[in-house]
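Note: the block below is model_35.cif and it holds mmCIF, C-alpha atoms and all ligand atoms.
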```cif
data_coords
loop_
_atom_site.group_PDB
_atom_site.id
_atom_site.type_symbol
_atom_site.label_atom_id
_atom_site.label_comp_id
_atom_site.auth_asym_id
_atom_site.auth_seq_id
_atom_site.Cartn_x
_atom_site.Cartn_y
_atom_site.Cartn_z
ATOM 1 C CA MET E 1 192.302 -68.206 87.441
ATOM 2 C CA ASP E 2 193.006 -64.824 85.802
ATOM 3 C CA VAL E 3 190.499 -62.015 86.163
ATOM 4 C CA TYR E 4 189.918 -59.422 83.443
ATOM 5 C CA GLY E 5 187.249 -56.766 83.390
ATOM 6 C CA LEU E 6 185.618 -53.646 82.108
ATOM 7 C CA VAL E 7 185.724 -50.313 83.946
ATOM 8 C CA GLY E 8 182.888 -47.983 82.952
ATOM 9 C CA ASN E 9 179.750 -46.288 84.182
ATOM 10 C CA PRO E 10 177.298 -47.660 83.277
ATOM 11 C CA VAL E 11 178.522 -51.125 82.245
ATOM 12 C CA GLY E 12 175.301 -53.111 82.563
ATOM 13 C CA HIS E 13 174.728 -53.232 78.803
ATOM 14 C CA SER E 14 178.271 -54.321 77.979
ATOM 15 C CA LEU E 15 178.927 -56.904 75.267
ATOM 16 C CA SER E 16 182.558 -57.433 76.320
ATOM 17 C CA PRO E 17 181.984 -60.182 78.953
ATOM 18 C CA PRO E 18 180.398 -62.720 76.545
ATOM 19 C CA MET E 19 182.908 -61.829 73.807
ATOM 20 C CA HIS E 20 185.989 -62.355 76.005
ATOM 21 C CA GLU E 21 184.628 -65.373 77.867
ATOM 22 C CA ALA E 22 183.959 -67.041 74.501
ATOM 23 C CA ALA E 23 187.660 -66.585 73.726
ATOM 24 C CA TYR E 24 188.726 -68.135 77.068
ATOM 25 C CA ASP E 25 186.391 -71.099 76.460
ATOM 26 C CA ALA E 26 187.611 -71.584 72.875
ATOM 27 C CA LEU E 27 191.276 -71.665 73.935
ATOM 28 C CA GLY E 28 190.813 -73.414 77.304
ATOM 29 C CA ILE E 29 192.105 -70.386 79.257
ATOM 30 C CA ASP E 30 191.208 -70.382 82.962
ATOM 31 C CA ALA E 31 189.928 -66.800 83.228
ATOM 32 C CA ARG E 32 186.812 -64.748 83.888
ATOM 33 C CA TYR E 33 185.778 -61.294 82.596
ATOM 34 C CA VAL E 34 183.774 -59.129 85.011
ATOM 35 C CA THR E 35 182.461 -55.555 85.103
ATOM 36 C CA PHE E 36 183.404 -52.714 87.472
ATOM 37 C CA GLU E 37 181.285 -49.566 87.820
ATOM 38 C CA PRO E 38 183.197 -46.943 89.849
ATOM 39 C CA ASP E 39 181.864 -43.456 90.564
ATOM 40 C CA ALA E 40 182.331 -40.976 87.744
ATOM 41 C CA ASP E 41 185.410 -39.375 89.374
ATOM 42 C CA ALA E 42 187.116 -42.671 90.255
ATOM 43 C CA GLY E 43 188.430 -44.006 86.940
ATOM 44 C CA ALA E 44 192.136 -43.682 87.771
ATOM 45 C CA ALA E 45 191.547 -45.020 91.307
ATOM 46 C CA ALA E 46 189.788 -48.041 89.803
ATOM 47 C CA ILE E 47 192.884 -48.879 87.729
ATOM 48 C CA GLU E 48 195.089 -48.650 90.836
ATOM 49 C CA ALA E 49 192.653 -50.831 92.772
ATOM 50 C CA ALA E 50 192.468 -53.416 89.990
ATOM 51 C CA SER E 51 196.278 -53.631 89.873
ATOM 52 C CA THR E 52 196.508 -53.968 93.659
ATOM 53 C CA LEU E 53 193.922 -56.750 93.647
ATOM 54 C CA GLY E 54 195.761 -58.716 90.971
ATOM 55 C CA VAL E 55 193.313 -58.155 88.110
ATOM 56 C CA ALA E 56 195.286 -59.068 84.983
ATOM 57 C CA GLY E 57 193.808 -56.471 82.648
ATOM 58 C CA VAL E 58 190.854 -54.188 82.097
ATOM 59 C CA ASN E 59 189.069 -52.499 79.266
ATOM 60 C CA VAL E 60 187.974 -48.934 79.896
ATOM 61 C CA THR E 61 184.847 -47.315 78.522
ATOM 62 C CA VAL E 62 182.750 -44.157 78.897
ATOM 63 C CA PRO E 63 183.358 -41.900 80.822
ATOM 64 C CA PHE E 64 186.871 -42.965 81.882
ATOM 65 C CA LYS E 65 188.945 -43.286 78.686
ATOM 66 C CA ARG E 66 190.773 -40.000 79.269
ATOM 67 C CA ASP E 67 190.827 -40.054 83.093
ATOM 68 C CA VAL E 68 192.764 -43.324 83.333
ATOM 69 C CA LEU E 69 195.738 -41.769 81.519
ATOM 70 C CA ALA E 70 196.731 -40.522 84.991
ATOM 71 C CA ALA E 71 197.079 -44.092 86.263
ATOM 72 C CA VAL E 72 198.966 -45.755 83.393
ATOM 73 C CA GLU E 73 202.051 -45.501 81.256
ATOM 74 C CA PRO E 74 200.431 -44.935 77.861
ATOM 75 C CA ALA E 75 201.728 -46.658 74.737
ATOM 76 C CA ASP E 76 202.472 -44.275 71.844
ATOM 77 C CA LEU E 77 199.097 -44.695 70.191
ATOM 78 C CA ALA E 78 197.147 -44.083 73.417
ATOM 79 C CA ALA E 79 199.277 -41.023 74.208
ATOM 80 C CA ALA E 80 198.693 -39.561 70.742
ATOM 81 C CA VAL E 81 194.941 -40.166 70.813
ATOM 82 C CA GLY E 82 194.711 -39.025 74.438
ATOM 83 C CA ALA E 83 192.514 -41.953 75.426
ATOM 84 C CA VAL E 84 193.024 -45.433 76.852
ATOM 85 C CA ASN E 85 190.566 -48.298 76.450
ATOM 86 C CA THR E 86 192.782 -51.256 77.408
ATOM 87 C CA VAL E 87 195.098 -51.590 80.399
ATOM 88 C CA ASP E 88 197.625 -54.318 81.122
ATOM 89 C CA CYS E 89 197.564 -54.359 84.936
ATOM 90 C CA SER E 90 200.339 -56.960 85.217
ATOM 91 C CA THR E 91 203.090 -54.362 84.764
ATOM 92 C CA ASP E 92 204.202 -51.643 87.195
ATOM 93 C CA PRO E 93 203.072 -49.043 86.263
ATOM 94 C CA PRO E 94 200.103 -50.481 84.351
ATOM 95 C CA ARG E 95 200.432 -50.027 80.595
ATOM 96 C CA GLY E 96 197.635 -48.257 78.694
ATOM 97 C CA TYR E 97 196.670 -48.944 75.085
ATOM 98 C CA ASN E 98 194.088 -47.656 72.634
ATOM 99 C CA THR E 99 192.695 -50.664 70.809
ATOM 100 C CA ASP E 100 189.743 -48.681 69.352
ATOM 101 C CA VAL E 101 192.215 -47.300 66.798
ATOM 102 C CA VAL E 102 193.376 -50.799 65.895
ATOM 103 C CA GLY E 103 189.723 -51.912 65.871
ATOM 104 C CA VAL E 104 188.964 -49.480 63.052
ATOM 105 C CA ARG E 105 192.010 -50.582 61.067
ATOM 106 C CA ARG E 106 191.431 -54.300 61.515
ATOM 107 C CA ALA E 107 187.702 -53.961 60.691
ATOM 108 C CA PHE E 108 188.621 -52.545 57.261
ATOM 109 C CA ASP E 109 191.518 -54.968 56.787
ATOM 110 C CA TYR E 110 189.338 -57.999 57.587
ATOM 111 C CA HIS E 111 186.966 -56.946 54.789
ATOM 112 C CA GLY E 112 189.815 -56.578 52.295
ATOM 113 C CA VAL E 113 189.519 -52.788 52.158
ATOM 114 C CA ALA E 114 192.827 -51.023 51.357
ATOM 115 C CA ARG E 115 193.699 -48.126 53.693
ATOM 116 C CA GLU E 116 197.076 -47.297 52.145
ATOM 117 C CA GLY E 117 196.787 -44.346 49.765
ATOM 118 C CA ALA E 118 193.058 -43.942 50.417
ATOM 119 C CA ASP E 119 191.065 -40.744 50.613
ATOM 120 C CA ALA E 120 189.264 -41.108 53.937
ATOM 121 C CA VAL E 121 186.392 -39.217 55.546
ATOM 122 C CA VAL E 122 185.491 -39.441 59.241
ATOM 123 C CA VAL E 123 182.164 -38.006 60.376
ATOM 124 C CA GLY E 124 182.253 -37.168 64.081
ATOM 125 C CA ALA E 125 184.883 -35.788 66.446
ATOM 126 C CA GLY E 126 183.992 -37.402 69.789
ATOM 127 C CA GLY E 127 185.685 -40.483 71.231
ATOM 128 C CA ALA E 128 184.989 -42.775 68.275
ATOM 129 C CA GLY E 129 185.851 -39.978 65.827
ATOM 130 C CA ARG E 130 189.247 -39.490 67.468
ATOM 131 C CA ALA E 131 189.989 -43.208 67.217
ATOM 132 C CA ALA E 132 188.885 -43.348 63.565
ATOM 133 C CA ALA E 133 190.840 -40.232 62.571
ATOM 134 C CA PHE E 134 194.092 -41.441 64.144
ATOM 135 C CA ALA E 135 193.479 -44.891 62.666
ATOM 136 C CA LEU E 136 193.029 -43.735 59.088
ATOM 137 C CA ALA E 137 195.437 -40.786 58.832
ATOM 138 C CA GLU E 138 198.450 -43.080 58.738
ATOM 139 C CA GLY E 139 199.195 -44.076 55.145
ATOM 140 C CA ALA E 140 196.127 -42.338 53.746
ATOM 141 C CA ALA E 141 196.463 -39.907 50.842
ATOM 142 C CA SER E 142 194.018 -37.627 52.622
ATOM 143 C CA LEU E 143 191.812 -37.501 55.693
ATOM 144 C CA HIS E 144 188.835 -35.191 56.098
ATOM 145 C CA VAL E 145 187.065 -34.857 59.451
ATOM 146 C CA ALA E 146 183.506 -33.511 59.334
ATOM 147 C CA ASN E 147 181.554 -32.742 62.479
ATOM 148 C CA ARG E 148 178.309 -30.991 63.424
ATOM 149 C CA THR E 149 180.418 -28.651 65.578
ATOM 150 C CA ALA E 150 183.061 -27.697 63.025
ATOM 151 C CA GLU E 151 185.504 -26.387 65.683
ATOM 152 C CA ARG E 152 185.783 -29.878 67.200
ATOM 153 C CA ALA E 153 186.628 -31.266 63.760
ATOM 154 C CA GLU E 154 189.324 -28.577 63.334
ATOM 155 C CA GLU E 155 190.793 -29.432 66.751
ATOM 156 C CA LEU E 156 190.889 -33.140 65.929
ATOM 157 C CA ALA E 157 192.471 -32.542 62.517
ATOM 158 C CA ALA E 158 195.127 -30.345 64.157
ATOM 159 C CA ALA E 159 195.843 -33.030 66.763
ATOM 160 C CA VAL E 160 196.317 -35.665 64.049
ATOM 161 C CA ARG E 161 198.605 -33.366 62.048
ATOM 162 C CA GLU E 162 200.690 -32.304 65.042
ATOM 163 C CA ALA E 163 201.052 -35.624 66.858
ATOM 164 C CA PRO E 164 200.207 -38.547 64.592
ATOM 165 C CA ALA E 165 199.885 -41.992 66.164
ATOM 166 C CA ASP E 166 203.182 -43.013 64.541
ATOM 167 C CA PRO E 167 205.505 -39.982 64.159
ATOM 168 C CA THR E 168 207.516 -41.835 61.499
ATOM 169 C CA ALA E 169 204.480 -42.640 59.341
ATOM 170 C CA ASP E 170 203.418 -40.716 56.258
ATOM 171 C CA ILE E 171 200.416 -38.532 57.024
ATOM 172 C CA GLY E 172 198.541 -37.224 54.006
ATOM 173 C CA THR E 173 196.568 -34.007 53.839
ATOM 174 C CA VAL E 174 194.340 -33.615 56.900
ATOM 175 C CA THR E 175 191.380 -31.230 56.601
ATOM 176 C CA ALA E 176 188.240 -30.477 58.579
ATOM 177 C CA GLY E 177 184.838 -28.872 58.291
ATOM 178 C CA GLY E 178 181.199 -28.934 59.280
ATOM 179 C CA LEU E 179 178.726 -31.528 58.023
ATOM 180 C CA ASP E 180 178.123 -29.396 54.931
ATOM 181 C CA SER E 181 181.709 -30.175 53.849
ATOM 182 C CA LEU E 182 180.710 -33.818 53.226
ATOM 183 C CA ALA E 183 179.214 -32.891 49.847
ATOM 184 C CA GLY E 184 182.637 -31.905 48.545
ATOM 185 C CA ARG E 185 184.485 -34.925 50.001
ATOM 186 C CA VAL E 186 182.399 -38.091 50.015
ATOM 187 C CA PRO E 187 181.892 -38.374 46.219
ATOM 188 C CA ASP E 188 185.693 -38.755 45.738
ATOM 189 C CA ALA E 189 186.400 -40.723 48.924
ATOM 190 C CA ASP E 190 187.469 -44.364 49.248
ATOM 191 C CA LEU E 191 186.726 -44.792 52.964
ATOM 192 C CA LEU E 192 183.960 -43.333 55.126
ATOM 193 C CA VAL E 193 183.445 -43.795 58.876
ATOM 194 C CA ASN E 194 180.376 -42.631 60.743
ATOM 195 C CA ALA E 195 181.580 -41.932 64.279
ATOM 196 C CA THR E 196 178.569 -39.879 65.355
ATOM 197 C CA THR E 197 175.662 -41.157 67.395
ATOM 198 C CA VAL E 198 173.301 -40.468 64.487
ATOM 199 C CA GLY E 199 171.482 -43.680 63.579
ATOM 200 C CA MET E 200 171.273 -45.004 67.147
ATOM 201 C CA GLU E 201 168.026 -43.585 68.408
ATOM 202 C CA THR E 202 166.317 -42.776 65.139
ATOM 203 C CA ASP E 203 166.480 -44.089 61.580
ATOM 204 C CA GLU E 204 168.589 -41.146 60.393
ATOM 205 C CA THR E 205 171.945 -40.775 58.669
ATOM 206 C CA PRO E 206 174.588 -38.036 58.913
ATOM 207 C CA VAL E 207 175.566 -38.551 55.235
ATOM 208 C CA PRO E 208 173.084 -37.769 52.443
ATOM 209 C CA ALA E 209 172.438 -40.940 50.405
ATOM 210 C CA GLY E 210 173.139 -39.168 47.138
ATOM 211 C CA LEU E 211 176.831 -38.752 48.079
ATOM 212 C CA LEU E 212 177.457 -42.505 48.437
ATOM 213 C CA HIS E 213 178.889 -44.547 45.576
ATOM 214 C CA ALA E 214 180.124 -47.999 44.588
ATOM 215 C CA ASP E 215 183.849 -47.255 45.093
ATOM 216 C CA LEU E 216 183.335 -46.427 48.761
ATOM 217 C CA ALA E 217 183.820 -48.636 51.845
ATOM 218 C CA VAL E 218 181.627 -47.482 54.746
ATOM 219 C CA LEU E 219 182.176 -48.356 58.417
ATOM 220 C CA ASP E 220 179.415 -47.296 60.797
ATOM 221 C CA ALA E 221 180.684 -47.248 64.396
ATOM 222 C CA VAL E 222 177.065 -47.464 65.581
ATOM 223 C CA TYR E 223 176.331 -51.103 66.498
ATOM 224 C CA ALA E 224 172.838 -50.770 67.964
ATOM 225 C CA PRO E 225 171.145 -51.153 65.582
ATOM 226 C CA LEU E 226 173.604 -53.090 63.431
ATOM 227 C CA GLU E 227 171.755 -52.217 60.239
ATOM 228 C CA THR E 228 171.753 -48.415 60.230
ATOM 229 C CA ARG E 229 170.197 -46.226 57.604
ATOM 230 C CA LEU E 230 173.694 -45.196 56.483
ATOM 231 C CA LEU E 231 174.649 -48.832 55.856
ATOM 232 C CA ARG E 232 171.367 -49.514 54.019
ATOM 233 C CA ASP E 233 171.949 -46.450 51.818
ATOM 234 C CA ALA E 234 175.569 -47.468 51.245
ATOM 235 C CA ARG E 235 174.607 -50.991 50.215
ATOM 236 C CA ALA E 236 171.974 -49.597 47.837
ATOM 237 C CA ALA E 237 174.698 -47.436 46.264
ATOM 238 C CA GLY E 238 176.878 -50.525 45.751
ATOM 239 C CA ALA E 239 179.406 -49.598 48.458
ATOM 240 C CA THR E 240 181.230 -52.090 50.706
ATOM 241 C CA THR E 241 179.656 -51.997 54.177
ATOM 242 C CA VAL E 242 181.200 -52.806 57.564
ATOM 243 C CA ASP E 243 178.919 -52.684 60.597
ATOM 244 C CA GLY E 244 179.884 -51.379 64.035
ATOM 245 C CA ALA E 245 180.175 -54.834 65.574
ATOM 246 C CA TRP E 246 183.340 -55.403 63.517
ATOM 247 C CA MET E 247 185.035 -52.397 65.173
ATOM 248 C CA LEU E 248 183.835 -53.569 68.578
ATOM 249 C CA LEU E 249 185.049 -57.088 67.837
ATOM 250 C CA PHE E 250 188.520 -56.087 66.739
ATOM 251 C CA GLN E 251 189.167 -53.704 69.649
ATOM 252 C CA GLY E 252 188.372 -56.722 71.835
ATOM 253 C CA VAL E 253 190.521 -59.054 69.737
ATOM 254 C CA GLU E 254 193.451 -56.654 70.042
ATOM 255 C CA ALA E 255 192.950 -56.323 73.828
ATOM 256 C CA PHE E 256 192.780 -60.117 74.215
ATOM 257 C CA GLU E 257 196.014 -60.537 72.241
ATOM 258 C CA ARG E 258 197.790 -57.815 74.258
ATOM 259 C CA TRP E 259 196.793 -59.489 77.524
ATOM 260 C CA THR E 260 197.360 -63.148 76.703
ATOM 261 C CA GLY E 261 199.967 -63.126 73.911
ATOM 262 C CA ALA E 262 197.790 -65.710 72.116
ATOM 263 C CA ASP E 263 196.131 -65.328 68.715
ATOM 264 C CA ALA E 264 192.509 -64.493 69.427
ATOM 265 C CA PRO E 265 189.827 -66.965 68.282
ATOM 266 C CA VAL E 266 188.179 -64.321 66.115
ATOM 267 C CA ASP E 267 185.263 -66.458 64.912
ATOM 268 C CA ALA E 268 184.295 -67.563 68.433
ATOM 269 C CA MET E 269 184.434 -63.982 69.694
ATOM 270 C CA ASN E 270 182.430 -62.733 66.708
ATOM 271 C CA ASP E 271 179.752 -65.411 67.176
ATOM 272 C CA ALA E 272 179.404 -64.564 70.882
ATOM 273 C CA LEU E 273 179.274 -60.828 70.195
ATOM 274 C CA ARG E 274 176.596 -61.146 67.518
ATOM 275 C CA ALA E 275 174.555 -63.536 69.676
ATOM 276 C CA ALA E 276 174.704 -60.999 72.540
ATOM 277 C CA LEU E 277 173.714 -58.170 70.189
ATOM 278 C CA GLU E 278 170.614 -60.112 69.151
HETATM 279 P P1 LIG X 1 180.668 -38.849 71.675
HETATM 280 O O1 LIG X 1 182.070 -38.758 72.155
HETATM 281 O O2 LIG X 1 179.553 -38.390 72.562
HETATM 282 O O3 LIG X 1 180.574 -38.069 70.272
HETATM 283 C C1 LIG X 1 179.335 -37.916 69.637
HETATM 284 C C2 LIG X 1 179.548 -37.421 68.210
HETATM 285 O O4 LIG X 1 178.274 -37.458 67.530
HETATM 286 C C3 LIG X 1 180.037 -35.986 68.130
HETATM 287 O O5 LIG X 1 180.887 -35.857 67.001
HETATM 288 C C4 LIG X 1 178.731 -35.220 67.945
HETATM 289 O O6 LIG X 1 178.900 -33.961 67.300
HETATM 290 C C5 LIG X 1 177.985 -36.148 67.032
HETATM 291 N N1 LIG X 1 176.539 -35.948 67.067
HETATM 292 C C6 LIG X 1 175.699 -36.165 68.095
HETATM 293 N N2 LIG X 1 174.433 -35.892 67.746
HETATM 294 C C7 LIG X 1 174.473 -35.456 66.450
HETATM 295 C C8 LIG X 1 173.498 -35.034 65.534
HETATM 296 N N3 LIG X 1 172.199 -34.978 65.848
HETATM 297 N N4 LIG X 1 173.885 -34.695 64.271
HETATM 298 C C9 LIG X 1 175.194 -34.776 63.922
HETATM 299 N N5 LIG X 1 176.182 -35.164 64.764
HETATM 300 C C10 LIG X 1 175.812 -35.502 66.010
HETATM 301 O O7 LIG X 1 180.294 -40.359 71.314
HETATM 302 P P2 LIG X 1 181.312 -41.542 70.912
HETATM 303 O O8 LIG X 1 181.763 -42.233 72.129
HETATM 304 O O9 LIG X 1 182.308 -41.007 69.960
HETATM 305 O O10 LIG X 1 180.319 -42.548 70.171
HETATM 306 C C11 LIG X 1 179.803 -42.253 68.881
HETATM 307 C C12 LIG X 1 179.145 -43.514 68.335
HETATM 308 O O11 LIG X 1 180.155 -44.495 68.116
HETATM 309 C C13 LIG X 1 178.128 -44.154 69.280
HETATM 310 O O12 LIG X 1 177.081 -44.696 68.516
HETATM 311 C C14 LIG X 1 178.905 -45.267 69.938
HETATM 312 O O13 LIG X 1 178.085 -46.336 70.359
HETATM 313 C C15 LIG X 1 179.787 -45.696 68.782
HETATM 314 N N6 LIG X 1 181.019 -46.370 69.188
HETATM 315 C C16 LIG X 1 181.237 -47.580 68.658
HETATM 316 C C17 LIG X 1 182.394 -48.254 68.972
HETATM 317 C C18 LIG X 1 182.612 -49.600 68.363
HETATM 318 O O14 LIG X 1 183.539 -50.301 68.789
HETATM 319 N N7 LIG X 1 181.831 -49.984 67.349
HETATM 320 C C19 LIG X 1 183.336 -47.690 69.844
HETATM 321 C C20 LIG X 1 183.081 -46.426 70.372
HETATM 322 C C21 LIG X 1 181.894 -45.768 70.045
HETATM 323 P P3 LIG X 1 179.174 -32.610 68.155
HETATM 324 O O15 LIG X 1 180.650 -32.603 68.430
HETATM 325 O O16 LIG X 1 178.736 -31.533 67.263
HETATM 326 O O17 LIG X 1 178.358 -32.719 69.420
#
```
What does the file become when written as structure tokens?
Amino acid sequence: MDVYGLVGNPVGHSLSPPMHEAAYDALGIDARYVTFEPDADAGAAAIEAASTLGVAGVNVTVPFKRDVLAAVEPADLAAAVGAVNTVDCSTDPPRGYNTDVVGVRRAFDYHGVAREGADAVVVGAGGAGRAAAFALAEGAASLHVANRTAERAEELAAAVREAPADPTADIGTVTAGGLDSLAGRVPDADLLVNATTVGMETDETPVPAGLLHADLAVLDAVYAPLETRLLRDARAAGATTVDGAWMLLFQGVEAFERWTGADAPVDAMNDALRAALE
């Protein structure tokens, strides 16, 4: 039996075990997915321990996504983003990937939303904002990062410009600003990602409803609740909406495929994820 797992602190609320175990069941894979909760300073040590103990692969979540870089050989994307959320422990050294970036891309792709040539706006410059910005810069005509703390948006935009996820890819214009810059960007945008925590605790949105329009596709990284105020406003404006569970699903799908080499049973994983979210 293969063992996979999640390294985070806390991990009690995690939706990854039911999602991955649904995939093993659907494909008849003899494996289990468990959670590991090391101390806050022990992320890299946890990766070394998992490899020593024969764990096949782990996902990595808050607060360890940057720390585990010290314990892995990062793939290009993970090195560019500066964060790892998936580790293949079967290699020596373990290989680190960032499947959050791919999760954003595949969430849009699954809904038939074109990323190539798009004008994209990412709201937020934390972990999810970094993943979304690196995901959308490639092939986009333009990317604008807006964040409450404008300096963090500037830093992220500079990182994307200086070290894009794929150095050979076309990177359009990359700009940054505070949340007040949304008014000048969202009305002409094709893609919008909310990567802030706004909408989780309270029924608020970081993007004024009046800026949303029917030619926009909106991904909200927030998945609890699934139906955020931003997505309700976007739907009312006629926009295409993609909830945060799709991003969560596709980072897991990508991790599963990296680990097993098999095509992930996307529907089974999605059903299990949405059942767990309920
Ligand atoms: P994080 O690193 O802590 O970043 C938080 C972001 O939210 C920062 O940009 C912060 O701005 C902004 N923010 C916080 N409070 C705000 C407020 N009142 N008004 C405006 N902006 C505010 O968090 P994270 O890990 O990126 O997570 C962000 C969200 O994405 C969470 O809801 C998380 O659950 C979700 N997420 C989803 C997935 C998925 O797969 N669907 C994956 C990862 C994360 P400042 O820089 O100004 O503080």
Please report, as JSON lines, each residue of chain E lying at most 8 Å from ligand LIG 1 (chain X), together with the nearest pair of atoms and the separation in Å rounded to one decimal; use all atoms listed in the file, and order rows by chain and ascending residue number.
```
{"residue": "E:Val62", "atom": "CA", "partner": "X:LIG1", "partner_atom": "O8", "distance": 7.1}
{"residue": "E:Asp100", "atom": "CA", "partner": "X:LIG1", "partner_atom": "O14", "distance": 6.4}
{"residue": "E:Gly103", "atom": "CA", "partner": "X:LIG1", "partner_atom": "O14", "distance": 7.0}
{"residue": "E:Val104", "atom": "CA", "partner": "X:LIG1", "partner_atom": "O14", "distance": 7.9}
{"residue": "E:Val123", "atom": "CA", "partner": "X:LIG1", "partner_atom": "O5", "distance": 7.1}
{"residue": "E:Gly124", "atom": "CA", "partner": "X:LIG1", "partner_atom": "O5", "distance": 3.5}
{"residue": "E:Ala125", "atom": "CA", "partner": "X:LIG1", "partner_atom": "O5", "distance": 4.0}
{"residue": "E:Gly126", "atom": "CA", "partner": "X:LIG1", "partner_atom": "O1", "distance": 3.3}
{"residue": "E:Gly127", "atom": "CA", "partner": "X:LIG1", "partner_atom": "O9", "distance": 3.6}
{"residue": "E:Ala128", "atom": "CA", "partner": "X:LIG1", "partner_atom": "O9", "distance": 3.6}
{"residue": "E:Gly129", "atom": "CA", "partner": "X:LIG1", "partner_atom": "O9", "distance": 5.5}
{"residue": "E:Arg130", "atom": "CA", "partner": "X:LIG1", "partner_atom": "O9", "distance": 7.5}
{"residue": "E:Asn147", "atom": "CA", "partner": "X:LIG1", "partner_atom": "O5", "distance": 5.5}
{"residue": "E:Arg148", "atom": "CA", "partner": "X:LIG1", "partner_atom": "O16", "distance": 3.9}
{"residue": "E:Thr149", "atom": "CA", "partner": "X:LIG1", "partner_atom": "O16", "distance": 3.7}
{"residue": "E:Ala150", "atom": "CA", "partner": "X:LIG1", "partner_atom": "O16", "distance": 7.2}
{"residue": "E:Arg152", "atom": "CA", "partner": "X:LIG1", "partner_atom": "O15", "distance": 5.9}
{"residue": "E:Ala153", "atom": "CA", "partner": "X:LIG1", "partner_atom": "O15", "distance": 7.7}
{"residue": "E:Leu179", "atom": "CA", "partner": "X:LIG1", "partner_atom": "C9", "distance": 7.6}
{"residue": "E:Asn194", "atom": "CA", "partner": "X:LIG1", "partner_atom": "O11", "distance": 7.6}
{"residue": "E:Ala195", "atom": "CA", "partner": "X:LIG1", "partner_atom": "O11", "distance": 4.8}
{"residue": "E:Thr196", "atom": "CA", "partner": "X:LIG1", "partner_atom": "O4", "distance": 3.3}
{"residue": "E:Thr197", "atom": "CA", "partner": "X:LIG1", "partner_atom": "O12", "distance": 4.0}
{"residue": "E:Val198", "atom": "CA", "partner": "X:LIG1", "partner_atom": "C7", "distance": 5.5}
{"residue": "E:Gly199", "atom": "CA", "partner": "X:LIG1", "partner_atom": "O12", "distance": 7.5}
{"residue": "E:Met200", "atom": "CA", "partner": "X:LIG1", "partner_atom": "O12", "distance": 6.0}
{"residue": "E:Pro206", "atom": "CA", "partner": "X:LIG1", "partner_atom": "C9", "distance": 6.0}
{"residue": "E:Asp220", "atom": "CA", "partner": "X:LIG1", "partner_atom": "N7", "distance": 7.5}
{"residue": "E:Ala221", "atom": "CA", "partner": "X:LIG1", "partner_atom": "N7", "distance": 4.2}
{"residue": "E:Val222", "atom": "CA", "partner": "X:LIG1", "partner_atom": "O12", "distance": 4.0}
{"residue": "E:Tyr223", "atom": "CA", "partner": "X:LIG1", "partner_atom": "N7", "distance": 5.7}
{"residue": "E:Ala224", "atom": "CA", "partner": "X:LIG1", "partner_atom": "O13", "distance": 7.3}
{"residue": "E:Asp243", "atom": "CA", "partner": "X:LIG1", "partner_atom": "N7", "distance": 7.8}
{"residue": "E:Gly244", "atom": "CA", "partner": "X:LIG1", "partner_atom": "N7", "distance": 4.1}
{"residue": "E:Ala245", "atom": "CA", "partner": "X:LIG1", "partner_atom": "N7", "distance": 5.4}
{"residue": "E:Trp246", "atom": "CA", "partner": "X:LIG1", "partner_atom": "N7", "distance": 6.8}
{"residue": "E:Met247", "atom": "CA", "partner": "X:LIG1", "partner_atom": "O14", "distance": 4.4}
{"residue": "E:Leu248", "atom": "CA", "partner": "X:LIG1", "partner_atom": "O14", "distance": 3.3}
{"residue": "E:Leu249", "atom": "CA", "partner": "X:LIG1", "partner_atom": "O14", "distance": 7.0}
{"residue": "E:Phe250", "atom": "CA", "partner": "X:LIG1", "partner_atom": "O14", "distance": 7.9}
{"residue": "E:Gln251", "atom": "CA", "partner": "X:LIG1", "partner_atom": "O14", "distance": 6.6}
```
Can you translate the PyMOL selection byres (((chain E and resi 260-268) around 12) and not hetatm) into the concrete residues it hits in this file, as an NGL selection string? :E and (2-4 or 18-31 or 56-57 or 88 or 90 or 106-107 or 110 or 246 or 248-259 or 269-275)
Could you expand the PyMOL selection byres (((chain E and resi 66-69) around 7) and not hetatm) into the explicit residues it covers here, written as a ChimeraX atom specification? /E:43-44,64-65,70-72,74,82-84
List the residues selected by the PyMOL selection byres (((chain E and resi 217) around 7) and not hetatm) in the file shown, writing them as a list in words. Asp190, Leu191, Leu192, Asp215, Leu216, Val218, Leu219, Ala239, Thr240 and Thr241 of chain E
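The closest residue to Pro17 of chain E, picked from E:Leu182, E:Leu231, E:Val58, E:Ala176 and counting all atoms listed in the file, is E:Val58.
If you look at atom CA of Pro208 of chain E and atom CA of Leu143 of chain E, they are 19.0 Å away from each other.
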Spatial neighbours of Val160 of chain E, 8 Å, only C-alpha atoms, chain gap at least 5 places, as a ChimeraX atom specification: /E:133-134,137,165,174
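Between atom CA of Thr173 of chain E and atom CA of His144 of chain E the separation is 8.1 Å.
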Residues within 8 Å of (195.1, -49.8, 87.7), file coords, only C-alpha atoms, listed as a PyMOL selection string: chain E and resi 44-52+71-72+87+89+94
Saved selection, atoms kept: C-alpha atoms, as an mmCIF file, in the frame of the given file:
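Result saved to result-v7.cif:
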```cif
data_model
loop_
_atom_site.group_PDB
_atom_site.id
_atom_site.type_symbol
_atom_site.label_atom_id
_atom_site.label_comp_id
_atom_site.auth_asym_id
_atom_site.auth_seq_id
_atom_site.Cartn_x
_atom_site.Cartn_y
_atom_site.Cartn_z
ATOM 1 C CA ALA E 44 192.136 -43.682 87.771
ATOM 2 C CA ALA E 45 191.547 -45.020 91.307
ATOM 3 C CA ALA E 46 189.788 -48.041 89.803
ATOM 4 C CA ILE E 47 192.884 -48.879 87.729
ATOM 5 C CA GLU E 48 195.089 -48.650 90.836
ATOM 6 C CA ALA E 49 192.653 -50.831 92.772
ATOM 7 C CA ALA E 50 192.468 -53.416 89.990
ATOM 8 C CA SER E 51 196.278 -53.631 89.873
ATOM 9 C CA THR E 52 196.508 -53.968 93.659
ATOM 10 C CA ALA E 71 197.079 -44.092 86.263
ATOM 11 C CA VAL E 72 198.966 -45.755 83.393
ATOM 12 C CA VAL E 87 195.098 -51.590 80.399
ATOM 13 C CA CYS E 89 197.564 -54.359 84.936
ATOM 14 C CA PRO E 94 200.103 -50.481 84.351
#
```
